[in-house]
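Shown next: final.cif, given as mmCIF, C-alpha atoms.
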data_start
loop_
_atom_site.label_atom_id
_atom_site.label_comp_id
_atom_site.auth_asym_id
_atom_site.auth_seq_id
_atom_site.Cartn_x
_atom_site.Cartn_y
_atom_site.Cartn_z
CA ASN A 1 -32.68 -45.36 6.72
CA ALA A 2 -33.97 -44.66 10.21
CA GLY A 3 -36.53 -41.94 10.55
CA VAL A 4 -36.43 -38.98 12.88
CA MET A 5 -35.78 -40.15 16.39
CA GLN A 6 -36.82 -38.38 19.53
CA ASN A 7 -36.10 -39.27 23.11
CA PRO A 8 -37.35 -39.64 25.60
CA ARG A 9 -40.82 -40.49 24.36
CA HIS A 10 -42.33 -39.56 27.70
CA LEU A 11 -40.85 -37.21 30.27
CA VAL A 12 -42.23 -36.31 33.66
CA ARG A 13 -40.86 -33.32 35.52
CA ARG A 14 -41.84 -31.44 38.64
CA ARG A 15 -42.33 -27.71 38.52
CA GLY A 16 -39.00 -25.91 38.56
CA GLN A 17 -36.98 -28.74 37.07
CA GLU A 18 -35.29 -28.74 33.69
CA ALA A 19 -36.44 -30.73 30.68
CA ARG A 20 -34.11 -31.76 27.85
CA LEU A 21 -35.65 -33.13 24.69
CA ARG A 22 -33.47 -34.73 22.04
CA CYS A 23 -33.98 -35.07 18.32
CA SER A 24 -31.85 -36.97 15.83
CA PRO A 25 -32.77 -35.97 12.28
CA MET A 26 -32.88 -38.33 9.37
CA LYS A 27 -29.49 -39.21 7.91
CA GLY A 28 -28.29 -36.47 5.62
CA HIS A 29 -30.76 -33.88 6.88
CA SER A 30 -29.26 -30.71 8.28
CA HIS A 31 -32.49 -28.76 8.83
CA VAL A 32 -34.38 -29.30 12.08
CA TYR A 33 -37.68 -27.83 13.20
CA TRP A 34 -39.32 -28.03 16.61
CA TYR A 35 -43.09 -27.80 17.10
CA ARG A 36 -45.24 -27.87 20.20
CA GLN A 37 -48.75 -29.25 20.53
CA LEU A 38 -50.61 -28.23 23.63
CA PRO A 39 -53.47 -30.48 24.77
CA GLU A 40 -56.45 -30.26 22.39
CA GLU A 41 -54.66 -27.70 20.22
CA GLY A 42 -52.88 -27.66 16.89
CA LEU A 43 -49.16 -27.74 16.28
CA LYS A 44 -47.24 -24.51 16.67
CA PHE A 45 -43.84 -23.83 15.19
CA MET A 46 -41.17 -23.03 17.74
CA VAL A 47 -37.73 -22.90 16.16
CA TYR A 48 -35.77 -23.79 13.02
CA LEU A 49 -32.12 -24.72 13.20
CA GLN A 50 -29.38 -25.71 10.83
CA LYS A 51 -26.13 -27.20 12.04
CA GLU A 52 -24.75 -24.86 14.74
CA ASN A 53 -27.13 -22.06 13.79
CA ILE A 54 -30.57 -20.87 14.86
CA ILE A 55 -32.29 -19.61 11.72
CA ASP A 56 -35.79 -18.77 12.94
CA GLU A 57 -36.84 -18.70 16.58
CA SER A 58 -39.95 -16.62 16.09
CA GLY A 59 -42.12 -19.22 17.83
CA MET A 60 -39.98 -19.72 20.90
CA PRO A 61 -41.22 -18.36 24.23
CA LYS A 62 -39.02 -15.49 25.30
CA GLU A 63 -37.88 -17.06 28.55
CA ARG A 64 -36.81 -20.49 29.77
CA PHE A 65 -36.72 -22.11 26.32
CA SER A 66 -33.60 -22.66 24.25
CA ALA A 67 -32.55 -24.88 21.39
CA GLU A 68 -29.32 -25.99 19.82
CA PHE A 69 -28.15 -28.21 17.00
CA PRO A 70 -24.44 -28.85 17.46
CA LYS A 71 -22.05 -29.95 14.76
CA GLU A 72 -22.05 -33.42 16.25
CA GLY A 73 -24.97 -35.02 17.99
CA PRO A 74 -28.70 -34.45 18.22
CA SER A 75 -30.66 -31.26 18.41
CA ILE A 76 -31.67 -30.35 21.95
CA LEU A 77 -34.71 -28.40 23.11
CA ARG A 78 -34.16 -27.27 26.66
CA ILE A 79 -36.83 -25.96 28.98
CA GLN A 80 -35.64 -24.51 32.24
CA GLN A 81 -37.78 -24.20 35.39
CA VAL A 82 -40.72 -25.99 33.84
CA VAL A 83 -44.27 -24.96 34.71
CA ARG A 84 -47.53 -26.88 34.30
CA GLY A 85 -48.32 -24.91 31.15
CA ASP A 86 -45.29 -26.50 29.46
CA SER A 87 -47.05 -29.88 29.47
CA ALA A 88 -47.43 -30.74 25.82
CA ALA A 89 -46.21 -32.95 23.01
CA TYR A 90 -43.03 -31.66 21.42
CA PHE A 91 -42.34 -32.77 17.88
CA CYS A 92 -39.17 -32.49 15.94
CA ALA A 93 -39.00 -32.59 12.14
CA SER A 94 -36.13 -32.66 9.70
CA SER A 95 -35.80 -31.88 6.03
CA LEU A 96 -33.21 -32.24 3.32
CA LEU A 97 -33.65 -28.78 1.86
CA ALA A 98 -33.96 -25.35 3.40
CA ARG A 99 -36.77 -24.27 1.09
CA LEU A 100 -39.14 -25.77 -1.43
CA GLY A 101 -37.56 -27.33 -4.47
CA ARG A 102 -38.46 -26.38 -8.02
CA ASP A 103 -41.45 -28.70 -7.92
CA GLY A 104 -42.60 -27.33 -4.60
CA TYR A 105 -41.51 -30.42 -2.73
CA ASN A 106 -39.65 -30.32 0.56
CA GLU A 107 -41.09 -32.84 2.93
CA GLN A 108 -40.62 -32.45 6.62
CA PHE A 109 -40.25 -35.80 8.34
CA PHE A 110 -41.58 -35.83 11.87
CA GLY A 111 -40.47 -37.82 14.85
CA PRO A 112 -42.88 -39.57 17.22
CA GLY A 113 -42.73 -36.72 19.69
CA THR A 114 -41.85 -36.31 23.34
CA ARG A 115 -44.77 -36.02 25.69
CA LEU A 116 -43.81 -33.78 28.58
CA THR A 117 -45.87 -33.84 31.74
CA VAL A 118 -45.17 -31.29 34.44
CA LEU A 119 -46.48 -32.21 37.87
CA ASP B 1 -48.37 -16.39 5.56
CA ALA B 2 -51.68 -16.89 3.81
CA LYS B 3 -54.39 -18.47 5.93
CA THR B 4 -56.34 -21.65 5.25
CA THR B 5 -59.82 -22.57 6.44
CA GLN B 6 -60.99 -26.14 6.92
CA PRO B 7 -64.07 -27.72 8.50
CA ASN B 8 -63.39 -28.84 12.05
CA SER B 9 -64.56 -32.39 11.50
CA MET B 10 -65.91 -34.81 8.94
CA GLU B 11 -67.20 -38.34 8.99
CA SER B 12 -66.90 -41.08 6.42
CA ASN B 13 -67.79 -44.71 6.06
CA GLU B 14 -65.07 -47.23 5.49
CA GLU B 15 -64.23 -47.94 1.84
CA GLU B 16 -66.09 -44.85 0.64
CA PRO B 17 -64.41 -41.80 -0.92
CA VAL B 18 -63.72 -38.76 1.25
CA HIS B 19 -63.40 -35.19 0.04
CA LEU B 20 -61.67 -32.85 2.49
CA PRO B 21 -62.03 -29.19 1.49
CA CYS B 22 -59.69 -26.29 2.16
CA ASN B 23 -60.21 -22.61 1.43
CA HIS B 24 -57.24 -20.34 0.85
CA SER B 25 -58.66 -17.22 -0.74
CA THR B 26 -55.55 -15.10 -0.08
CA ILE B 27 -53.12 -17.54 -1.68
CA SER B 28 -50.21 -15.92 -3.50
CA GLY B 29 -48.68 -16.90 -6.80
CA THR B 30 -45.68 -18.55 -5.14
CA ASP B 31 -47.68 -20.57 -2.58
CA TYR B 32 -47.81 -24.32 -2.94
CA ILE B 33 -50.66 -26.24 -1.31
CA HIS B 34 -49.40 -28.97 0.98
CA TRP B 35 -51.36 -31.51 3.00
CA TYR B 36 -50.15 -33.29 6.09
CA ARG B 37 -52.02 -35.60 8.39
CA GLN B 38 -51.54 -36.58 12.01
CA LEU B 39 -52.63 -40.00 13.11
CA PRO B 40 -53.52 -40.39 16.80
CA SER B 41 -50.51 -40.14 19.10
CA GLN B 42 -48.10 -39.73 16.19
CA GLY B 43 -46.21 -36.96 14.49
CA PRO B 44 -47.61 -35.46 11.29
CA GLU B 45 -46.79 -37.02 7.94
CA TYR B 46 -46.74 -35.58 4.46
CA VAL B 47 -49.62 -36.53 2.19
CA ILE B 48 -49.45 -34.58 -1.05
CA HIS B 49 -48.78 -31.15 -2.54
CA GLY B 50 -49.57 -29.17 -5.66
CA LEU B 51 -49.46 -25.76 -7.31
CA THR B 52 -52.09 -25.51 -10.04
CA SER B 53 -52.75 -28.89 -11.59
CA ASN B 54 -54.47 -31.79 -9.93
CA VAL B 55 -52.07 -34.29 -8.40
CA ASN B 56 -52.21 -37.98 -7.60
CA ASN B 57 -49.99 -40.19 -5.49
CA ARG B 58 -50.33 -43.50 -3.74
CA MET B 59 -51.97 -41.93 -0.71
CA ALA B 60 -54.44 -39.45 -2.17
CA SER B 61 -55.41 -37.02 -4.89
CA LEU B 62 -55.39 -33.25 -4.72
CA ALA B 63 -57.87 -31.26 -6.73
CA ILE B 64 -57.06 -27.55 -7.06
CA ALA B 65 -59.63 -24.99 -8.16
CA GLU B 66 -58.84 -23.03 -11.29
CA ASP B 67 -58.54 -19.77 -9.33
CA ARG B 68 -56.48 -21.61 -6.67
CA LYS B 69 -58.60 -20.19 -3.89
CA SER B 70 -59.63 -23.62 -2.74
CA SER B 71 -58.53 -27.23 -2.94
CA THR B 72 -59.81 -30.66 -2.02
CA LEU B 73 -57.92 -33.64 -0.71
CA ILE B 74 -59.49 -36.84 -1.95
CA LEU B 75 -59.09 -40.20 -0.27
CA HIS B 76 -60.50 -42.64 -2.78
CA ARG B 77 -61.35 -45.42 -0.35
CA ALA B 78 -61.19 -44.48 3.29
CA THR B 79 -59.90 -47.07 5.70
CA LEU B 80 -59.97 -47.05 9.48
CA ARG B 81 -56.27 -46.20 9.37
CA ASP B 82 -57.12 -42.92 7.61
CA ALA B 83 -58.76 -41.55 10.75
CA ALA B 84 -56.57 -38.55 11.51
CA VAL B 85 -56.38 -34.79 11.59
CA TYR B 86 -55.72 -33.44 8.10
CA TYR B 87 -53.93 -30.14 7.70
CA CYS B 88 -53.96 -27.97 4.60
CA ILE B 89 -50.87 -25.75 4.61
CA LEU B 90 -49.64 -23.10 2.20
CA ARG B 91 -45.90 -23.05 1.64
CA ASP B 92 -44.24 -20.14 -0.09
CA ARG B 93 -41.44 -20.95 -2.49
CA GLY B 94 -40.10 -17.42 -2.10
CA SER B 95 -36.63 -16.83 -0.75
CA GLY B 96 -37.90 -15.21 2.44
CA ASN B 97 -39.55 -18.37 3.63
CA THR B 98 -37.67 -20.30 6.32
CA GLY B 99 -39.59 -23.48 5.62
CA LYS B 100 -41.57 -23.65 8.85
CA LEU B 101 -45.01 -25.21 8.62
CA ILE B 102 -47.95 -23.11 9.80
CA PHE B 103 -50.61 -25.52 11.02
CA GLY B 104 -54.22 -24.47 11.38
CA GLN B 105 -56.80 -26.45 13.33
CA GLY B 106 -57.17 -29.01 10.55
CA THR B 107 -60.05 -31.36 9.87
CA THR B 108 -60.56 -34.33 12.15
CA LEU B 109 -61.67 -37.21 9.98
CA GLN B 110 -63.62 -40.04 11.58
CA VAL B 111 -64.00 -43.25 9.61
CA LYS B 112 -66.84 -45.54 10.59
CA PRO B 113 -66.67 -49.27 9.93
#

Produce structure tokens that represent the structure in this file.
Amino acid sequence: NAGVMQNPRHLVRRRGQEARLRCSPMKGHSHVYWYRQLPEEGLKFMVYLQKENIIDESGMPKERFSAEFPKEGPSILRIQQVVRGDSAAYFCASSLLARLGRDGYNEQFFGPGTRLTVL
Amino acid sequence: DAKTTQPNSMESNEEEPVHLPCNHSTISGTDYIHWYRQLPSQGPEYVIHGLTSNVNNRMASLAIAEDRKSSTLILHRATLRDAAVYYCILRDRGSGNTGKLIFGQGTTLQVKP
């Protein structure tokens, strides 16, 4: 069973260009989370999606950022008109359940991340 | 979400036990204590979780204080591969929780050969 896959692993964009980051969750997982890790900082939640629905986007910047998780295909995090401050590692995670199970377990499986560099 | 406090960094010698503390004085009755770690240049990975009782798995042990206001992740024999940032995270089992993980700064563990 393949783990969470993200591509590309490294992405270089010039200011003003668009960045598209892809995430394929683990097989059977319908819950996807995106996190961002700025240089020398911790991970910050961005958005939580289920198939075709955005459930929680409380961590998404108000402008230029969008996310989708279509019925078929990977989840996409899209950043329009990138700026240097968008340079970061973007991690995607997937889980089997929406919430913790009775025993408190609900592991989020993380992908290897996409490292975005904005020149 | 309840907040956790961890030391910024710790050092250990290889093959010695490591105790990584976490304070969570405002923990609620429905909060589970989860630990994740992030190896260099990788995504985080789950380590262990617990509610009240101490827990053991193949990776580590979790000791939870009786009042649940603190916990300790125990690596019984640290290896060089255990060098990582360790995150203590509270996860609410309540229905209002969307499942997102709230990461703090974590503890950077250095393991010396």

Would you give me, as a PyMOL selection string, the residues of chain A that come within 10 Å of chain B, using only C-alpha atoms? chain A and resi 31-35+40-49+55-56+89-93+95+97-115

Evaluate the PyMOL selection byres ((chain B and resi 14) around 7) and record the selected residues as a ChimeraX atom specification, following the chain and residue labels used in the document. /B:12-13,15-16,78-80,111-113

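Between CA of Ala2 (chain A) and CA of Val55 (chain B) the separation is 28.0 Å.
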
Output of the PyMOL selection byres ((chain A and resi 59-65) around 7), listed as a PDB file with C-alpha atoms, in the coordinates of the input:
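Once written, part02.pdb looks like this:
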ATOM      1  CA  PHE A  45     -43.840 -23.830  15.190  1.00  0.00           C
ATOM      2  CA  MET A  46     -41.170 -23.030  17.740  1.00  0.00           C
ATOM      3  CA  VAL A  47     -37.730 -22.900  16.160  1.00  0.00           C
ATOM      4  CA  GLU A  57     -36.840 -18.700  16.580  1.00  0.00           C
ATOM      5  CA  SER A  58     -39.950 -16.620  16.090  1.00  0.00           C
ATOM      6  CA  SER A  66     -33.600 -22.660  24.250  1.00  0.00           C
ATOM      7  CA  ARG A  78     -34.160 -27.270  26.660  1.00  0.00           C
ATOM      8  CA  ILE A  79     -36.830 -25.960  28.980  1.00  0.00           C
ATOM      9  CA  GLN A  80     -35.640 -24.510  32.240  1.00  0.00           C
ATOM     10  CA  GLN A  81     -37.780 -24.200  35.390  1.00  0.00           C
TER      11      GLN A  81
END

Determine, counting all atoms listed in the file, which protein, DNA and RNA residues have an atom within 12 Å of an atom of region 63-68 of chain B; residues of the same chain fewer than 2 positions away are not included. Present the result as a ChimeraX atom specification. /B:4,19-35,48-57,60-61,70-75,90

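Going from CA of Leu39 (chain B) to CA of Ser30 (chain A) covers 25.6 Å.
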
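Going from CA of Leu77 (chain A) to CA of Arg20 (chain A) covers 5.8 Å.
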
Sel. within 9 Å of pt (-28.8, -29.4, 20.9), counting all atoms listed in the file, output as a ChimeraX atom specification: /A:21-23,52,66-70,73-78

For each of A:Gln6, A:Asn53, A:Ser24, A:Gln17, take the minimum atom-to-atom distance to Asp86 (chain A), counting only C-alpha atoms, then give the residue where this is smallest. A:Gln17

Step by step, gather every atom of region 38-44 of chain B that the file lists, find the box along x, y and z that holds them, add 4 Å on each side, and finally give centre and edge lengths in Å to one decimal, as AutoDock Vina command-line options.
--center_x -49.9 --center_y -37.9 --center_z 15.2 --size_x 15.3 --size_y 12.9 --size_z 15.8

Which residues are close to Met26 (chain A), i.e. within 6 Å by only C-alpha atoms, leaving aside same-chain residues fewer than 2 positions away? Reply as a VMD selection string. chain A and resid 3 to 4 29

Hits from the PyMOL selection byres ((chain A and resi 10) around 8), listed as a compact mmCIF listing (two decimals) with C-alpha atoms, in the coordinates of the input:
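So part08.txt came out as:
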# COMPACT_ATOMS: atom_id res chain seq x y z
CA ASN A 7 -36.10 -39.27 23.11
CA PRO A 8 -37.35 -39.64 25.60
CA ARG A 9 -40.82 -40.49 24.36
CA LEU A 11 -40.85 -37.21 30.27
CA VAL A 12 -42.23 -36.31 33.66
CA THR A 114 -41.85 -36.31 23.34
CA ARG A 115 -44.77 -36.02 25.69
CA LEU A 116 -43.81 -33.78 28.58
CA THR A 117 -45.87 -33.84 31.74

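Using all atoms listed in the file, the protein and nucleic acid residues lying no more than 8 Å from Val83 (chain A), apart from those fewer than 4 places from it along its own chain, are Arg14, Arg15, Gly16, Ser87 and Val118 of chain A.
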
Assuming the input is short of atoms at region 93-119 of chain A, produce N, CA, C and O atoms for that part as a compact mmCIF listing (two decimals), in the frame of the given file.
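File written: selection14.txt
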# COMPACT_ATOMS: atom_id res chain seq x y z
N ALA A 93 -38.94 -32.19 13.55
CA ALA A 93 -39.00 -32.59 12.14
C ALA A 93 -37.68 -32.25 11.48
O ALA A 93 -37.00 -31.31 11.89
N SER A 94 -37.34 -33.00 10.45
CA SER A 94 -36.13 -32.66 9.70
C SER A 94 -36.45 -32.66 8.21
O SER A 94 -37.40 -33.28 7.75
N SER A 95 -35.63 -31.92 7.48
CA SER A 95 -35.80 -31.88 6.03
C SER A 95 -34.44 -31.82 5.36
O SER A 95 -33.44 -31.42 5.96
N LEU A 96 -34.44 -32.22 4.09
CA LEU A 96 -33.21 -32.24 3.32
C LEU A 96 -32.84 -30.85 2.81
O LEU A 96 -31.67 -30.48 2.75
N LEU A 97 -33.87 -30.09 2.45
CA LEU A 97 -33.65 -28.78 1.86
C LEU A 97 -34.06 -27.68 2.83
O LEU A 97 -34.86 -27.91 3.76
N ALA A 98 -33.55 -26.50 2.59
CA ALA A 98 -33.96 -25.35 3.40
C ALA A 98 -35.31 -24.82 2.94
O ALA A 98 -36.15 -24.44 3.74
N ARG A 99 -35.52 -24.82 1.64
CA ARG A 99 -36.77 -24.27 1.09
C ARG A 99 -37.36 -25.27 0.10
O ARG A 99 -36.80 -26.33 -0.15
N LEU A 100 -38.50 -24.91 -0.45
CA LEU A 100 -39.14 -25.77 -1.43
C LEU A 100 -38.26 -25.91 -2.67
O LEU A 100 -37.63 -24.95 -3.11
N GLY A 101 -38.27 -27.11 -3.23
CA GLY A 101 -37.56 -27.33 -4.47
C GLY A 101 -38.34 -26.75 -5.65
O GLY A 101 -39.41 -26.16 -5.47
N ARG A 102 -37.81 -26.95 -6.83
CA ARG A 102 -38.46 -26.38 -8.02
C ARG A 102 -39.87 -26.90 -8.20
O ARG A 102 -40.74 -26.22 -8.72
N ASP A 103 -40.11 -28.12 -7.78
CA ASP A 103 -41.45 -28.70 -7.92
C ASP A 103 -42.30 -28.48 -6.68
O ASP A 103 -43.37 -29.06 -6.54
N GLY A 104 -41.84 -27.65 -5.79
CA GLY A 104 -42.60 -27.33 -4.60
C GLY A 104 -42.49 -28.36 -3.50
O GLY A 104 -43.15 -28.25 -2.47
N TYR A 105 -41.63 -29.35 -3.72
CA TYR A 105 -41.51 -30.42 -2.73
C TYR A 105 -40.41 -30.11 -1.74
O TYR A 105 -39.33 -29.70 -2.10
N ASN A 106 -40.67 -30.32 -0.50
CA ASN A 106 -39.65 -30.32 0.56
C ASN A 106 -40.33 -30.88 1.80
O ASN A 106 -40.79 -30.14 2.67
N GLU A 107 -40.36 -32.18 1.86
CA GLU A 107 -41.09 -32.84 2.93
C GLU A 107 -40.37 -32.68 4.25
O GLU A 107 -39.14 -32.83 4.33
N GLN A 108 -41.16 -32.40 5.26
CA GLN A 108 -40.62 -32.45 6.62
C GLN A 108 -41.02 -33.79 7.22
O GLN A 108 -42.19 -34.16 7.21
N PHE A 109 -40.02 -34.50 7.73
CA PHE A 109 -40.25 -35.80 8.34
C PHE A 109 -40.29 -35.61 9.85
O PHE A 109 -39.33 -35.09 10.43
N PHE A 110 -41.37 -36.04 10.44
CA PHE A 110 -41.58 -35.83 11.87
C PHE A 110 -41.19 -37.05 12.68
O PHE A 110 -41.37 -38.20 12.25
N GLY A 111 -40.70 -36.77 13.89
CA GLY A 111 -40.47 -37.82 14.85
C GLY A 111 -41.75 -38.16 15.59
O GLY A 111 -42.79 -37.52 15.39
N PRO A 112 -41.68 -39.14 16.49
CA PRO A 112 -42.88 -39.57 17.22
C PRO A 112 -43.27 -38.64 18.36
O PRO A 112 -44.35 -38.79 18.93
N GLY A 113 -42.39 -37.69 18.65
CA GLY A 113 -42.73 -36.72 19.69
C GLY A 113 -42.25 -37.12 21.08
O GLY A 113 -42.01 -38.30 21.36
N THR A 114 -42.10 -36.12 21.91
CA THR A 114 -41.85 -36.31 23.34
C THR A 114 -43.02 -35.70 24.09
O THR A 114 -43.34 -34.52 23.89
N ARG A 115 -43.64 -36.51 24.91
CA ARG A 115 -44.77 -36.02 25.69
C ARG A 115 -44.28 -35.63 27.07
O ARG A 115 -43.90 -36.49 27.85
N LEU A 116 -44.29 -34.33 27.31
CA LEU A 116 -43.81 -33.78 28.58
C LEU A 116 -44.99 -33.55 29.51
O LEU A 116 -45.97 -32.89 29.14
N THR A 117 -44.87 -34.08 30.70
CA THR A 117 -45.87 -33.84 31.74
C THR A 117 -45.18 -33.17 32.91
O THR A 117 -44.18 -33.66 33.41
N VAL A 118 -45.71 -32.03 33.30
CA VAL A 118 -45.17 -31.29 34.44
C VAL A 118 -46.13 -31.43 35.61
O VAL A 118 -47.30 -31.05 35.51
N LEU A 119 -45.62 -32.00 36.68
CA LEU A 119 -46.48 -32.21 37.87
C LEU A 119 -46.49 -30.99 38.77
O LEU A 119 -45.52 -30.20 38.81
